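Have a look at the structure below, then the notes.
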Amino acid sequence: MKIECPNCGAELCARTSDFQSATLRRIYSVCRECGFKARAELEILHSLSPSSRPRADVTLEVRPATMLRGAVNARTTTANMGAQ
């Protein structure tokens, strides 16, 4: 995952991160080009598909992506077309 520096556009480098919860990490970053330092948060907001090994202490709403709905999706479409 690449995050650009809001000042110079170079890539920010993650220096450290702190555990906040099972779905949230706090990330401290620095830009090697201009010296900008920032704190960001990465949060898992919802699931695209149910987990095969859910944790009892984590509850995430399942919101399937459009391409994952139904029996045909982007991965199976190409494979199925070649079989016809």
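Ordering of the structure tokens sets the chain letters (A, B, ...); residue numbers start at 1 within each chain; ligands are numbered from 1 in the order shown.
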Residue neighbourhood Asp18 (chain A), 10 Å, only C-alpha atoms, exclusion window fewer than 2 positions, as a ChimeraX atom specification | /A:16,20-21,24-28,41
Residues from last step as file, all heavy atoms, as a short mmCIF file (atom, residue, chain, number, x, y, z; two decimals), in the first residue's frame:
```cif
data_model
loop_
_atom_site.label_atom_id
_atom_site.label_comp_id
_atom_site.auth_asym_id
_atom_site.auth_seq_id
_atom_site.Cartn_x
_atom_site.Cartn_y
_atom_site.Cartn_z
N THR A 16 6.40 3.12 12.49
CA THR A 16 5.91 2.26 13.57
C THR A 16 4.40 2.28 13.56
O THR A 16 3.79 3.13 12.91
CB THR A 16 6.47 2.73 14.95
OG1 THR A 16 6.12 1.77 15.94
CG2 THR A 16 5.92 4.08 15.33
N GLN A 20 -4.57 -0.58 18.36
CA GLN A 20 -5.66 0.12 19.03
C GLN A 20 -6.80 -0.84 19.35
O GLN A 20 -7.38 -0.80 20.42
CB GLN A 20 -6.17 1.28 18.17
CG GLN A 20 -5.12 2.33 17.87
CD GLN A 20 -4.63 3.02 19.13
OE1 GLN A 20 -5.41 3.55 19.91
NE2 GLN A 20 -3.32 3.01 19.33
N SER A 21 -7.14 -1.69 18.39
CA SER A 21 -8.16 -2.71 18.57
C SER A 21 -7.97 -3.75 17.47
O SER A 21 -7.09 -3.60 16.62
CB SER A 21 -9.57 -2.11 18.48
OG SER A 21 -9.89 -1.76 17.15
N LEU A 24 -8.35 -1.77 14.26
CA LEU A 24 -7.76 -0.43 14.13
C LEU A 24 -6.29 -0.42 14.50
O LEU A 24 -5.90 -0.92 15.56
CB LEU A 24 -8.52 0.57 15.02
CG LEU A 24 -8.03 2.01 15.01
CD1 LEU A 24 -8.25 2.65 13.64
CD2 LEU A 24 -8.75 2.82 16.08
N ARG A 25 -5.45 0.16 13.60
CA ARG A 25 -4.04 0.38 13.86
C ARG A 25 -3.73 1.86 13.68
O ARG A 25 -4.21 2.49 12.75
CB ARG A 25 -3.15 -0.38 12.87
CG ARG A 25 -3.24 -1.87 12.88
CD ARG A 25 -2.54 -2.55 13.97
NE ARG A 25 -1.10 -2.40 14.03
CZ ARG A 25 -0.37 -3.05 14.92
NH1 ARG A 25 -0.92 -3.86 15.78
NH2 ARG A 25 0.92 -2.88 14.95
N ARG A 26 -2.92 2.42 14.55
CA ARG A 26 -2.43 3.79 14.42
C ARG A 26 -1.02 3.69 13.82
O ARG A 26 -0.17 2.97 14.34
CB ARG A 26 -2.40 4.47 15.77
CG ARG A 26 -2.01 5.93 15.67
CD ARG A 26 -2.21 6.64 16.99
NE ARG A 26 -3.64 6.75 17.26
CZ ARG A 26 -4.17 6.83 18.47
NH1 ARG A 26 -3.38 6.81 19.54
NH2 ARG A 26 -5.46 6.93 18.63
N ILE A 27 -0.79 4.41 12.72
CA ILE A 27 0.47 4.31 11.98
C ILE A 27 1.19 5.66 12.00
O ILE A 27 0.58 6.69 11.71
CB ILE A 27 0.20 3.90 10.52
CG1 ILE A 27 -0.57 2.57 10.49
CG2 ILE A 27 1.50 3.80 9.73
CD1 ILE A 27 -1.21 2.28 9.15
N TYR A 28 2.46 5.63 12.34
CA TYR A 28 3.29 6.84 12.33
C TYR A 28 4.21 6.76 11.11
O TYR A 28 4.91 5.77 10.92
CB TYR A 28 4.11 6.95 13.62
CG TYR A 28 3.22 7.11 14.83
CD1 TYR A 28 2.74 6.00 15.52
CD2 TYR A 28 2.84 8.37 15.26
CE1 TYR A 28 1.91 6.15 16.62
CE2 TYR A 28 2.01 8.53 16.37
CZ TYR A 28 1.55 7.41 17.04
OH TYR A 28 0.73 7.56 18.12
N GLU A 41 -4.52 6.50 10.72
CA GLU A 41 -5.19 5.34 11.29
C GLU A 41 -5.74 4.48 10.16
O GLU A 41 -6.31 4.99 9.20
CB GLU A 41 -6.29 5.77 12.24
CG GLU A 41 -5.72 6.45 13.47
CD GLU A 41 -6.76 6.87 14.49
OE1 GLU A 41 -7.96 6.89 14.16
OE2 GLU A 41 -6.36 7.18 15.62
#
```
Do a neighbour search on Val30 (chain A) at 9 Å with only C-alpha atoms, toss out local chain neighbours closer than 3 positions, and write the hits as a ChimeraX atom specification.
-> /A:5,11-15,33-39
Mind writing the picked residues with N, CA, C and O atoms as a compact mmCIF listing (two decimals), in the first residue's frame?
```txt
# COMPACT_ATOMS: atom_id res chain seq x y z
N CYS A 5 2.90 11.62 0.33
CA CYS A 5 3.05 12.77 1.21
C CYS A 5 2.14 13.88 0.69
O CYS A 5 2.17 14.21 -0.49
N GLU A 11 6.56 9.13 -1.49
CA GLU A 11 5.94 8.06 -0.72
C GLU A 11 6.24 8.21 0.77
O GLU A 11 7.41 8.40 1.16
N LEU A 12 5.21 8.11 1.61
CA LEU A 12 5.40 8.11 3.06
C LEU A 12 5.86 6.72 3.49
O LEU A 12 5.40 5.71 2.96
N CYS A 13 6.77 6.67 4.44
CA CYS A 13 7.26 5.40 4.97
C CYS A 13 6.73 5.21 6.38
O CYS A 13 6.89 6.09 7.23
N ALA A 14 6.10 4.07 6.62
CA ALA A 14 5.60 3.76 7.96
C ALA A 14 6.80 3.44 8.85
O ALA A 14 7.62 2.60 8.52
N ARG A 15 6.91 4.13 9.96
CA ARG A 15 8.02 3.93 10.88
C ARG A 15 7.64 2.98 12.01
O ARG A 15 8.42 2.17 12.44
N GLU A 33 11.69 12.51 1.69
CA GLU A 33 12.05 13.61 0.79
C GLU A 33 12.00 14.96 1.49
O GLU A 33 12.90 15.77 1.34
N CYS A 34 10.88 15.23 2.24
CA CYS A 34 10.73 16.58 2.81
C CYS A 34 10.71 16.59 4.35
O CYS A 34 10.65 17.65 4.95
N GLY A 35 10.76 15.41 4.98
CA GLY A 35 10.80 15.35 6.44
C GLY A 35 9.44 15.44 7.12
O GLY A 35 9.35 15.43 8.34
N PHE A 36 8.35 15.51 6.36
CA PHE A 36 7.01 15.56 6.92
C PHE A 36 6.75 14.31 7.75
O PHE A 36 7.11 13.20 7.35
N LYS A 37 6.14 14.49 8.92
CA LYS A 37 5.78 13.37 9.78
C LYS A 37 4.29 13.41 10.03
O LYS A 37 3.71 14.50 10.17
N ALA A 38 3.66 12.24 10.10
CA ALA A 38 2.21 12.20 10.27
C ALA A 38 1.78 10.95 11.03
O ALA A 38 2.48 9.94 11.05
N ARG A 39 0.63 11.07 11.64
CA ARG A 39 -0.03 9.93 12.26
C ARG A 39 -1.27 9.64 11.44
O ARG A 39 -2.02 10.55 11.10
```
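Reported to one decimal place, the separation of CA of Pro64 (chain A) from CA of Thr23 (chain A) is 18.1 Å.
The two atoms in question, CA of Phe19 (chain A) and CA of Arg63 (chain A), are spaced 24.7 Å apart.
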Which residues, written as a PyMOL selection string, have at least one atom at most 10 Å from Val58 (chain A), with only C-alpha atoms counted and residues fewer than 2 positions away on the same chain left out?
-> chain A and resi 21-23+54-56+60
Selection from above, C-alpha atoms, as a JSON list (two decimals), in the first residue's frame, can you write it?
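out.json was written with the following content:
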```json
[["chain", "number", "residue", "atom", "x", "y", "z"],
["A", 21, "SER", "CA", -8.16, -2.71, 18.57],
["A", 22, "ALA", "CA", -8.69, -5.83, 16.45],
["A", 23, "THR", "CA", -9.85, -3.59, 13.58],
["A", 54, "PRO", "CA", -14.49, -15.62, 12.90],
["A", 55, "ARG", "CA", -13.38, -14.39, 16.31],
["A", 56, "ALA", "CA", -16.01, -14.17, 19.02],
["A", 60, "LEU", "CA", -18.01, -6.89, 11.38]]
```
Kindly give the distance, in Å, that separates CA of Ala65 (chain A) and CA of His46 (chain A), rounded to a single decimal.
-> 10.9 Å
Any chance you could list, as a ChimeraX atom specification, the residues in region 3-82 of chain A that come up strand (DSSP E or B) when DSSP is run on the backbone?
-> /A:4,11-21,24-31,37-43,47,62
